[in-house]
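For reference, structure_20.json is printed below; it contains JSON, C-alpha atoms and all ligand atoms.
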[["chain", "number", "residue", "atom", "x", "y", "z"],
["Y", 604, "MET", "CA", 30.26, 226.29, -48.64],
["Y", 605, "ILE", "CA", 29.10, 227.28, -52.11],
["Y", 606, "HIS", "CA", 31.81, 227.84, -54.65],
["Y", 607, "SER", "CA", 29.80, 228.60, -57.73],
["Y", 608, "GLY", "CA", 29.00, 232.08, -58.93],
["Y", 609, "SER", "CA", 26.06, 231.57, -61.34],
["Y", 610, "ARG", "CA", 22.57, 230.60, -60.22],
["Y", 611, "GLN", "CA", 22.76, 227.34, -62.17],
["Y", 612, "GLY", "CA", 26.15, 226.62, -60.68],
["Y", 613, "GLN", "CA", 24.73, 227.37, -57.24],
["Y", 614, "ARG", "CA", 21.86, 224.91, -57.80],
["Y", 615, "HIS", "CA", 24.35, 222.26, -58.87],
["Y", 616, "ALA", "CA", 26.45, 222.88, -55.78],
["Y", 617, "ASP", "CA", 23.34, 222.77, -53.55],
["Y", 618, "VAL", "CA", 22.60, 219.27, -54.79],
["Y", 619, "ARG", "CA", 26.15, 218.19, -53.98],
["Y", 620, "LEU", "CA", 26.10, 219.66, -50.48],
["Y", 621, "LYS", "CA", 25.62, 217.21, -47.67],
["Y", 622, "THR", "CA", 26.15, 217.27, -43.95],
["Y", 623, "LEU", "CA", 29.42, 215.85, -42.74],
["Y", 624, "GLU", "CA", 27.76, 212.94, -40.90],
["Y", 625, "ARG", "CA", 25.86, 212.03, -44.08],
["Y", 626, "VAL", "CA", 28.97, 212.19, -46.22],
["Y", 627, "LEU", "CA", 30.73, 209.72, -43.92],
["Y", 628, "SER", "CA", 27.82, 207.33, -43.79],
["Y", 629, "LYS", "CA", 27.11, 207.60, -47.53],
["Y", 630, "ALA", "CA", 30.74, 206.82, -48.21],
["Y", 631, "GLY", "CA", 29.93, 203.43, -46.73],
["Y", 632, "LEU", "CA", 32.05, 203.86, -43.61],
["Y", 633, "GLY", "CA", 29.37, 203.38, -40.98],
["Y", 634, "SER", "CA", 25.99, 204.46, -39.71],
["Y", 635, "ARG", "CA", 25.16, 208.11, -39.13],
["Y", 636, "THR", "CA", 25.28, 207.48, -35.37],
["Y", 637, "GLU", "CA", 28.82, 206.16, -35.71],
["Y", 638, "ALA", "CA", 29.74, 209.08, -37.97],
["Y", 639, "ARG", "CA", 28.50, 211.55, -35.33],
["Y", 640, "LYS", "CA", 30.70, 209.82, -32.74],
["Y", 641, "TRP", "CA", 33.81, 210.07, -34.95],
["Y", 642, "ILE", "CA", 33.11, 213.73, -35.63],
["Y", 643, "GLY", "CA", 32.57, 214.44, -31.93],
["Y", 644, "ALA", "CA", 35.79, 212.59, -31.10],
["Y", 645, "GLY", "CA", 37.78, 214.91, -33.36],
["Y", 646, "ARG", "CA", 38.70, 212.25, -35.91],
["Y", 647, "VAL", "CA", 37.35, 214.13, -38.91],
["Y", 648, "CYS", "CA", 38.86, 217.07, -40.81],
["Y", 649, "VAL", "CA", 37.52, 219.13, -43.69],
["Y", 650, "ASN", "CA", 40.16, 220.85, -45.82],
["Y", 651, "GLY", "CA", 42.69, 220.23, -43.07],
["Y", 652, "ARG", "CA", 40.54, 221.86, -40.38],
["Y", 653, "LEU", "CA", 39.17, 219.80, -37.49],
["Y", 654, "ILE", "CA", 35.35, 219.86, -37.62],
["Y", 655, "GLN", "CA", 33.31, 218.66, -34.67],
["Y", 656, "THR", "CA", 29.81, 219.59, -35.82],
["Y", 657, "PRO", "CA", 28.01, 216.72, -37.61],
["Y", 658, "ASP", "CA", 25.78, 219.09, -39.61],
["Y", 659, "HIS", "CA", 28.70, 221.00, -41.12],
["Y", 660, "TRP", "CA", 27.97, 221.35, -44.88],
["Y", 661, "VAL", "CA", 30.36, 219.61, -47.24],
["Y", 662, "ASP", "CA", 30.72, 219.51, -51.00],
["Y", 663, "LEU", "CA", 32.55, 216.26, -51.64],
["Y", 664, "GLU", "CA", 33.56, 217.35, -55.13],
["Y", 665, "ARG", "CA", 35.54, 220.23, -53.72],
["Y", 666, "ASP", "CA", 36.09, 219.73, -50.02],
["Y", 667, "ARG", "CA", 38.71, 217.32, -48.78],
["Y", 668, "VAL", "CA", 37.32, 215.21, -45.97],
["Y", 669, "THR", "CA", 39.52, 212.92, -43.93],
["Y", 670, "LEU", "CA", 38.75, 210.36, -41.24],
["Y", 671, "ASN", "CA", 41.74, 209.47, -39.05],
["Y", 672, "GLY", "CA", 43.85, 211.33, -41.60],
["Y", 673, "LYS", "CA", 42.68, 209.16, -44.51],
["Y", 674, "PRO", "CA", 40.71, 210.71, -47.40],
["Y", 675, "VAL", "CA", 37.02, 209.89, -47.61],
["Y", 676, "ARG", "CA", 35.69, 209.30, -51.11],
["Y", 677, "ALA", "CA", 32.09, 209.14, -52.25],
["Y", 678, "GLY", "CA", 30.94, 205.55, -51.83],
["Y", 679, "ARG", "CA", 30.16, 203.33, -54.77],
["Y", 680, "LYS", "CA", 26.80, 201.66, -54.82],
["Y", 681, "VAL", "CA", 26.65, 198.14, -53.45],
["Y", 682, "TYR", "CA", 23.67, 195.80, -53.82],
["Y", 683, "LEU", "CA", 23.75, 192.54, -51.91],
["Y", 684, "LEU", "CA", 21.46, 189.58, -51.75],
["Y", 685, "LEU", "CA", 21.60, 187.83, -48.38],
["Y", 686, "TYR", "CA", 19.98, 184.51, -47.57],
["Y", 687, "LYS", "CA", 18.84, 185.40, -44.08],
["Y", 688, "PRO", "CA", 18.53, 182.37, -41.81],
["Y", 689, "LYS", "CA", 15.76, 182.02, -39.26],
["Y", 690, "GLY", "CA", 16.79, 183.43, -35.87],
["Y", 691, "TYR", "CA", 18.59, 186.53, -37.18],
["Y", 692, "LEU", "CA", 17.19, 190.01, -36.65],
["Y", 693, "THR", "CA", 16.96, 192.49, -39.52],
["Y", 694, "THR", "CA", 18.49, 195.24, -37.35],
["Y", 695, "TYR", "CA", 21.98, 196.48, -36.64],
["Y", 696, "LYS", "CA", 22.12, 195.80, -32.92],
["Y", 697, "ASP", "CA", 19.89, 193.95, -30.51],
["Y", 698, "PRO", "CA", 19.77, 195.02, -26.85],
["Y", 699, "GLU", "CA", 19.23, 191.33, -25.99],
["Y", 700, "GLY", "CA", 22.36, 190.32, -27.90],
["Y", 701, "ARG", "CA", 20.61, 188.10, -30.43],
["Y", 702, "PRO", "CA", 22.33, 187.59, -33.81],
["Y", 703, "THR", "CA", 21.58, 190.12, -36.52],
["Y", 704, "VAL", "CA", 22.04, 190.07, -40.27],
["Y", 705, "TYR", "CA", 25.17, 192.20, -39.80],
["Y", 706, "ASP", "CA", 26.84, 189.22, -38.12],
["Y", 707, "LEU", "CA", 26.65, 187.56, -41.54],
["Y", 708, "LEU", "CA", 28.24, 190.48, -43.37],
["Y", 709, "ARG", "CA", 31.51, 190.79, -41.55],
["Y", 710, "GLU", "CA", 33.53, 190.66, -44.76],
["Y", 711, "VAL", "CA", 31.52, 193.40, -46.46],
["Y", 712, "GLU", "CA", 33.33, 196.69, -46.03],
["Y", 713, "GLU", "CA", 30.55, 198.98, -47.21],
["Y", 714, "TRP", "CA", 27.86, 200.17, -44.85],
["Y", 715, "VAL", "CA", 24.67, 198.59, -46.20],
["Y", 716, "VAL", "CA", 21.12, 198.66, -44.87],
["Y", 717, "PRO", "CA", 18.33, 196.13, -45.30],
["Y", 718, "VAL", "CA", 15.66, 196.89, -47.88],
["Y", 719, "GLY", "CA", 12.55, 196.12, -45.84],
["Y", 720, "ARG", "CA", 12.44, 193.54, -43.08],
["Y", 721, "LEU", "CA", 11.98, 189.88, -42.47],
["Y", 722, "ASP", "CA", 10.69, 188.60, -39.14],
["Y", 723, "LEU", "CA", 13.06, 186.86, -36.76],
["Y", 724, "ASP", "CA", 11.45, 183.52, -37.68],
["Y", 725, "THR", "CA", 11.40, 184.13, -41.42],
["Y", 726, "SER", "CA", 14.28, 183.12, -43.64],
["Y", 727, "GLY", "CA", 15.09, 183.98, -47.22],
["Y", 728, "LEU", "CA", 15.98, 186.73, -49.58],
["Y", 729, "LEU", "CA", 16.97, 190.08, -48.13],
["Y", 730, "VAL", "CA", 18.41, 192.84, -50.29],
["Y", 731, "MET", "CA", 20.97, 195.07, -48.57],
["Y", 732, "THR", "CA", 22.39, 198.22, -50.11],
["Y", 733, "ASN", "CA", 24.01, 201.58, -49.49],
["Y", 734, "ASP", "CA", 21.86, 203.11, -52.25],
["Y", 735, "THR", "CA", 19.26, 204.84, -50.09],
["Y", 736, "GLN", "CA", 17.12, 205.99, -53.02],
["Y", 737, "PHE", "CA", 16.94, 202.45, -54.35],
["Y", 738, "ALA", "CA", 16.02, 201.15, -50.88],
["Y", 739, "GLU", "CA", 13.33, 203.78, -50.41],
["Y", 740, "ARG", "CA", 11.78, 203.08, -53.79],
["Y", 741, "LEU", "CA", 11.73, 199.32, -53.30],
["Y", 742, "THR", "CA", 10.04, 199.63, -49.90],
["Y", 743, "ASN", "CA", 7.55, 202.25, -51.06],
["Y", 744, "PRO", "CA", 4.08, 200.61, -51.21],
["Y", 745, "GLU", "CA", 3.41, 202.63, -54.40],
["Y", 746, "TYR", "CA", 6.22, 200.78, -56.15],
["Y", 747, "LYS", "CA", 4.44, 197.44, -55.55],
["Y", 748, "ALA", "CA", 7.45, 195.17, -55.78],
["Y", 749, "PRO", "CA", 6.10, 191.59, -55.87],
["Y", 750, "LYS", "CA", 7.51, 189.37, -53.15],
["Y", 751, "THR", "CA", 7.23, 185.61, -53.21],
["Y", 752, "TYR", "CA", 7.15, 183.39, -50.12],
["Y", 753, "LEU", "CA", 7.12, 179.67, -49.64],
["Y", 754, "VAL", "CA", 4.82, 178.82, -46.75],
["Y", 755, "LYS", "CA", 4.40, 175.67, -44.69],
["Y", 756, "ALA", "CA", 1.01, 175.79, -43.00],
["Y", 757, "SER", "CA", 0.27, 173.93, -39.77],
["Y", 758, "THR", "CA", -2.76, 172.22, -41.35],
["Y", 759, "LEU", "CA", -4.02, 171.06, -44.71],
["Y", 760, "LEU", "CA", -5.58, 174.03, -46.52],
["Y", 761, "SER", "CA", -8.63, 173.55, -48.73],
["Y", 762, "ASP", "CA", -8.96, 175.12, -52.17],
["Y", 763, "GLU", "CA", -11.43, 177.50, -50.56],
["Y", 764, "GLN", "CA", -8.90, 178.65, -47.97],
["Y", 765, "LEU", "CA", -6.29, 179.21, -50.68],
["Y", 766, "ASP", "CA", -8.90, 181.16, -52.69],
["Y", 767, "ARG", "CA", -9.53, 183.43, -49.73],
["Y", 768, "LEU", "CA", -5.79, 184.17, -49.58],
["Y", 769, "ARG", "CA", -5.90, 184.92, -53.32],
["Y", 770, "GLN", "CA", -8.84, 187.26, -53.11],
["Y", 771, "GLY", "CA", -7.79, 189.09, -49.96],
["Y", 772, "VAL", "CA", -8.59, 188.58, -46.29],
["Y", 773, "ALA", "CA", -9.71, 191.05, -43.64],
["Y", 774, "LEU", "CA", -6.90, 192.02, -41.26],
["Y", 775, "LYS", "CA", -7.16, 194.53, -38.44],
["Y", 776, "ASP", "CA", -5.17, 197.06, -40.48],
["Y", 777, "GLY", "CA", -7.44, 196.59, -43.51],
["Y", 778, "PRO", "CA", -8.17, 194.03, -46.22],
["Y", 779, "THR", "CA", -5.24, 192.56, -48.09],
["Y", 780, "SER", "CA", -5.04, 192.98, -51.84],
["Y", 781, "THR", "CA", -5.17, 190.09, -54.27],
["Y", 782, "ALA", "CA", -2.29, 187.66, -54.31],
["Y", 783, "VAL", "CA", -1.08, 184.85, -56.54],
["Y", 784, "VAL", "CA", -1.29, 181.60, -54.57],
["Y", 785, "THR", "CA", -0.14, 178.19, -55.78],
["Y", 786, "ARG", "CA", -0.42, 174.94, -53.88],
["Y", 787, "VAL", "CA", 2.99, 173.26, -53.97],
["Y", 788, "ARG", "CA", 2.12, 170.02, -52.17],
["Y", 789, "ASP", "CA", 0.24, 168.52, -49.26],
["Y", 790, "SER", "CA", 2.20, 166.18, -47.03],
["Y", 791, "GLY", "CA", 2.14, 165.01, -43.43],
["Y", 792, "GLY", "CA", -1.09, 166.89, -42.78],
["Y", 793, "ARG", "CA", 0.42, 170.23, -43.89],
["Y", 794, "THR", "CA", -0.03, 172.33, -46.99],
["Y", 795, "PHE", "CA", 2.98, 173.92, -48.63],
["Y", 796, "PHE", "CA", 2.09, 176.82, -50.89],
["Y", 797, "GLU", "CA", 3.68, 179.75, -52.65],
["Y", 798, "ILE", "CA", 2.25, 183.25, -52.34],
["Y", 799, "THR", "CA", 3.27, 186.31, -54.36],
["Y", 800, "MET", "CA", 2.03, 189.66, -53.14],
["Y", 801, "THR", "CA", 2.85, 193.31, -53.60],
["Y", 802, "GLU", "CA", 2.11, 194.44, -50.04],
["Y", 803, "GLY", "CA", 4.57, 194.16, -47.19],
["Y", 804, "ARG", "CA", 2.77, 194.87, -43.96],
["Y", 805, "ASN", "CA", 4.03, 193.73, -40.60],
["Y", 806, "ARG", "CA", 3.84, 189.90, -40.30],
["Y", 807, "GLN", "CA", 1.40, 189.97, -43.17],
["Y", 808, "VAL", "CA", 1.74, 186.40, -44.43],
["Y", 809, "ARG", "CA", 1.47, 184.99, -40.91],
["Y", 810, "ARG", "CA", -1.62, 187.08, -40.18],
["Y", 811, "MET", "CA", -3.23, 186.13, -43.50],
["Y", 812, "VAL", "CA", -2.75, 182.43, -42.83],
["Y", 813, "GLU", "CA", -4.19, 182.88, -39.34],
["Y", 814, "ALA", "CA", -7.17, 184.71, -40.86],
["Y", 815, "VAL", "CA", -8.05, 181.58, -42.85],
["Y", 816, "GLY", "CA", -7.81, 179.38, -39.76],
["Y", 817, "SER", "CA", -4.29, 177.97, -39.86],
["Y", 818, "LYS", "CA", -0.78, 178.95, -38.76],
["Y", 819, "VAL", "CA", 2.58, 179.43, -40.44],
["Y", 820, "LEU", "CA", 5.13, 176.83, -39.41],
["Y", 821, "LYS", "CA", 7.80, 177.94, -41.85],
["Y", 822, "LEU", "CA", 8.15, 181.04, -44.01],
["Y", 823, "VAL", "CA", 10.85, 181.59, -46.62],
["Y", 824, "ARG", "CA", 11.03, 184.57, -48.98],
["Y", 825, "THR", "CA", 12.18, 183.10, -52.26],
["Y", 826, "ALA", "CA", 11.99, 186.08, -54.63],
["Y", 827, "ILE", "CA", 11.52, 189.81, -55.00],
["Y", 828, "GLY", "CA", 10.29, 190.51, -58.51],
["Y", 829, "PRO", "CA", 12.46, 188.47, -60.88],
["Y", 830, "VAL", "CA", 15.30, 188.17, -58.36],
["Y", 831, "ARG", "CA", 15.32, 184.67, -56.90],
["Y", 832, "ILE", "CA", 17.26, 183.21, -54.01],
["Y", 833, "GLY", "CA", 18.42, 180.40, -56.32],
["Y", 834, "ALA", "CA", 21.29, 178.24, -55.16],
["Y", 835, "LEU", "CA", 22.63, 180.73, -52.61],
["Y", 836, "ALA", "CA", 23.51, 178.92, -49.37],
["Y", 837, "ILE", "CA", 21.71, 179.93, -46.21],
["Y", 838, "GLY", "CA", 23.59, 182.64, -44.30],
["Y", 839, "LYS", "CA", 25.60, 183.63, -47.40],
["Y", 840, "CYS", "CA", 25.38, 186.68, -49.60],
["Y", 841, "ARG", "CA", 26.28, 187.61, -53.13],
["Y", 842, "MET", "CA", 26.22, 190.77, -55.19],
["Y", 843, "LEU", "CA", 23.13, 191.40, -57.25],
["Y", 844, "THR", "CA", 23.98, 191.43, -60.94],
["Y", 845, "ARG", "CA", 23.56, 194.65, -62.87],
["Y", 846, "ARG", "CA", 20.57, 193.14, -64.60],
["Y", 847, "GLU", "CA", 18.95, 192.29, -61.27],
["Y", 848, "VAL", "CA", 19.51, 195.81, -59.97],
["Y", 849, "GLU", "CA", 17.92, 197.18, -63.13],
["Y", 850, "ALA", "CA", 14.99, 194.78, -62.84],
["Y", 851, "LEU", "CA", 14.34, 196.11, -59.34],
["Y", 852, "GLY", "CA", 14.38, 199.67, -60.65],
["Y", 853, "GLY", "CA", 17.94, 200.47, -59.63],
["Y", 854, "ARG", "CA", 20.06, 203.29, -60.99],
["Y", 855, "GLU", "CA", 20.61, 201.93, -64.45],
["Y", 856, "GLY", "CA", 16.97, 200.90, -64.63],
["Y", 857, "ARG", "CA", 16.03, 204.56, -64.35],
["Y", 858, "GLY", "CA", 17.67, 205.49, -67.61],
["Y", 859, "LYS", "CA", 21.23, 206.15, -66.50],
["Y", 860, "PRO", "CA", 23.92, 204.55, -68.62],
["Y", 861, "ALA", "CA", 24.71, 201.05, -67.45],
["Y", 862, "GLY", "CA", 28.14, 200.95, -65.89],
["Y", 863, "SER", "CA", 30.23, 197.93, -65.07],
["Y", 864, "PRO", "CA", 28.75, 195.45, -62.58],
["Y", 865, "HIS", "CA", 29.00, 196.57, -58.98],
["Y", 866, "ARG", "CA", 31.39, 194.54, -56.95],
["Y", 867, "ALA", "CA", 32.05, 194.66, -53.23],
["Y", 868, "SER", "CA", 35.60, 193.98, -52.29],
["Y", 869, "ALA", "CA", 34.89, 190.84, -50.32],
["Y", 870, "VAL", "CA", 31.88, 189.35, -52.05],
["Y", 871, "ARG", "CA", 31.62, 188.66, -55.72],
["Y", 872, "ALA", "CA", 28.89, 187.53, -58.02],
["Y", 873, "LYS", "CA", 28.82, 186.30, -61.54],
["Y", 874, "ASP", "CA", 27.36, 188.79, -63.98],
["Y", 875, "LYS", "CA", 24.60, 186.70, -65.48],
["Y", 901, "LIG", "N1", 5.25, 188.19, -43.91],
["Y", 901, "LIG", "C1", 5.44, 187.76, -42.67],
["Y", 901, "LIG", "O1", 4.51, 187.37, -41.97],
["Y", 901, "LIG", "N2", 6.71, 187.79, -42.19],
["Y", 901, "LIG", "C2", 7.77, 188.19, -42.91],
["Y", 901, "LIG", "O2", 8.90, 188.17, -42.43],
["Y", 901, "LIG", "C3", 7.53, 188.63, -44.22],
["Y", 901, "LIG", "C4", 6.26, 188.62, -44.70]]

Encoded form (structure tokens):
Amino acid sequence: MIHSGSRQGQRHADVRLKTLERVLSKAGLGSRTEARKWIGAGRVCVNGRLIQTPDHWVDLERDRVTLNGKPVRAGRKVYLLLYKPKGYLTTYKDPEGRPTVYDLLREVEEWVVPVGRLDLDTSGLLVMTNDTQFAERLTNPEYKAPKTYLVKASTLLSDEQLDRLRQGVALKDGPTSTAVVTRVRDSGGRTFFEITMTEGRNRQVRRMVEAVGSKVLKLVRTAIGPVRIGALAIGKCRMLTRREVEALGGREGRGKPAGSPHRASAVRAKDK
């Protein structure tokens, strides 16, 4: 559905065109799977006409899309910081019925996805957003977003062991790159240390600690770049401030004019 006559106008319209299922999910109404179900169930109209094909092309600037008779508008960008507790999966649904991070976001109306993952047994900072470009960039290994973890090891770690973590250890999927490692304290026969690294491979911190002869008893992600978990209570979320979004390379950080702080309807954050 291209409405523009000139080639430039056509290019502009091409950029705006999206499939119907994508429009619904990008508007923050639900996942693409859910959107396909609504479309199939005949709950979605485009310009007053019932459309039951999820890959129907739509130009949201011109076409009028409705779900259950209500107009669908392009979603605003939402950036949340969740303090994920241990025991929650970073997925939408679990076939075994275990709790997921979505159980903690019941008051958030927008459809947000986790930026990267934390293991079931890891707690700490998890960014969730409906800005897919932002999420892709932050999880791209090329972007090298530094992530900081507080680790409780099962044993006392020597300076040598901490040095090995700093310099990189051999894992079965390749050597790890250098990391910043700081001993926090030794107590009760355990070492607590902080590690900041730019990689994010599967169970990487746990495997690194095992590679130097110990085990992780507790793992908490405390920061991504300059964004820290701070005083946020476990299981709670808040909006990232505009400055935090920028610091993580979000929209405004890429040279677009800074708008007002993003606010989700149910969760608010102070603009620091
Ligand atoms: N490293 C791990 O081992 N687990 C996490 O959840 C994150 C980093």

Legend entry - Shell of 10 Å around ligand LIG 901 (chain Y) (only C-alpha atoms and all ligand atoms), written as number ranges by chain: Y: 689, 693, 719-727, 750-752, 754, 800, 802-812, 819, 821-824

Legend entry - Nearest to Val647 (chain Y), chosen from Y:Gly633, Y:Gly838, Y:Pro674, Y:Pro744, with only C-alpha atoms counted in the distances: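 For Val647 (chain Y), the nearest of the candidates is Y:Pro674.
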
Inset, instruction - Find the residue from Y:Thr801, Y:Asn671, Y:Ser817, Y:Ser780 that sits nearest to Leu760 (chain Y); use all atoms listed in the file when measuring. - result: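 Comparing Y:Thr801, Y:Asn671, Y:Ser817, Y:Ser780 against Leu760 (chain Y), the winner is Y:Ser817.
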
Inset, instruction - Measure the distance from CA of Gly853 (chain Y) to CA of Cys840 (chain Y) in Å and round it to one decimal. - result: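 Spanning CA of Gly853 (chain Y) to CA of Cys840 (chain Y) is a straight-line distance of 18.6 Å.
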
Inset, instruction - Skip region 698-706 of chain Y itself and residues of its chain fewer than 3 positions away, then list as a ChimeraX atom specification all residues within 9 Å of it, counting all atoms listed in the file. - result: /Y:685,687-688,690-695,709,717,838

Inset, instruction - Figure out the distance between CA of Lys818 (chain Y) and CA of Gly791 (chain Y), please, to one decimal in Å. - result: 15.0 Å

Inset, instruction - Work out how far CA of Ile642 (chain Y) is from CA of Pro657 (chain Y), in Å to one decimal. - result: 6.2 Å

Inset, instruction - Enumerate, as a list in words, the protein, DNA and RNA residues whose atoms approach (27.5, 201.8, -50.5) to within 7 Å, taking into account only C-alpha atoms and the coordinate frame of the file. - result: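 Residues satisfying the cut-off, written out: Lys629, Ala630, Gly631, Gly678, Arg679, Lys680, Val681, Glu713, Trp714, Val715, Thr732, Asn733 and Asp734 of chain Y.
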
Legend entry - Shell of 6 Å around Leu843 (chain Y), all atoms listed in the file, local chain residues under 3 positions omitted, as number ranges by chain: Y: 682-683, 847

Keeping C-alpha atoms, export the residues of the selection given above as a PDB file, in the frame of the given file.
ATOM      1  CA  TYR Y 682      23.670 195.800 -53.820  1.00  0.00           C
ATOM      2  CA  LEU Y 683      23.750 192.540 -51.910  1.00  0.00           C
ATOM      3  CA  GLU Y 847      18.950 192.290 -61.270  1.00  0.00           C
TER       4      GLU Y 847
END

Legend entry - Residue among Y:Leu708, Y:Ile827, Y:Ile654, Y:Leu820 lying closest to Lys747 (chain Y), counting all atoms listed in the file: Y:Ile827

Edge lengths and centre in Å to one decimal, as AutoDock Vina command-line options, is what I'm after for the box along x, y and z that holds all listed atoms of region 742-758 of chain Y once 6 Å is added on each side.
--center_x 3.6 --center_y 187.4 --center_z -48.0 --size_x 24.8 --size_y 42.4 --size_z 28.4

May I have the residues within 7 Å of Arg793 (chain Y) as a PDB file with C-alpha atoms, in the frame of the given file, using all atoms listed in the file and disregarding those fewer than 3 positions away in the same chain?
ATOM      1  CA  LYS Y 755       4.400 175.670 -44.690  1.00  0.00           C
ATOM      2  CA  ALA Y 756       1.010 175.790 -43.000  1.00  0.00           C
ATOM      3  CA  SER Y 757       0.270 173.930 -39.770  1.00  0.00           C
ATOM      4  CA  THR Y 758      -2.760 172.220 -41.350  1.00  0.00           C
ATOM      5  CA  LEU Y 759      -4.020 171.060 -44.710  1.00  0.00           C
ATOM      6  CA  ASP Y 789       0.240 168.520 -49.260  1.00  0.00           C
ATOM      7  CA  SER Y 790       2.200 166.180 -47.030  1.00  0.00           C
TER       8      SER Y 790
END

Legend entry - Long-range neighbours of region 761-766 of chain Y as an NGL selection string, 8 Å cut-off, all atoms listed in the file, 4 positions minimum in chain: :Y and (770 or 784 or 786 or 815)

Legend entry - Nearest to Arg831 (chain Y) by atom-to-atom distance, counting only C-alpha atoms, from Y:Glu739, Y:Val848, Y:Leu774, Y:Leu728: Y:Leu728
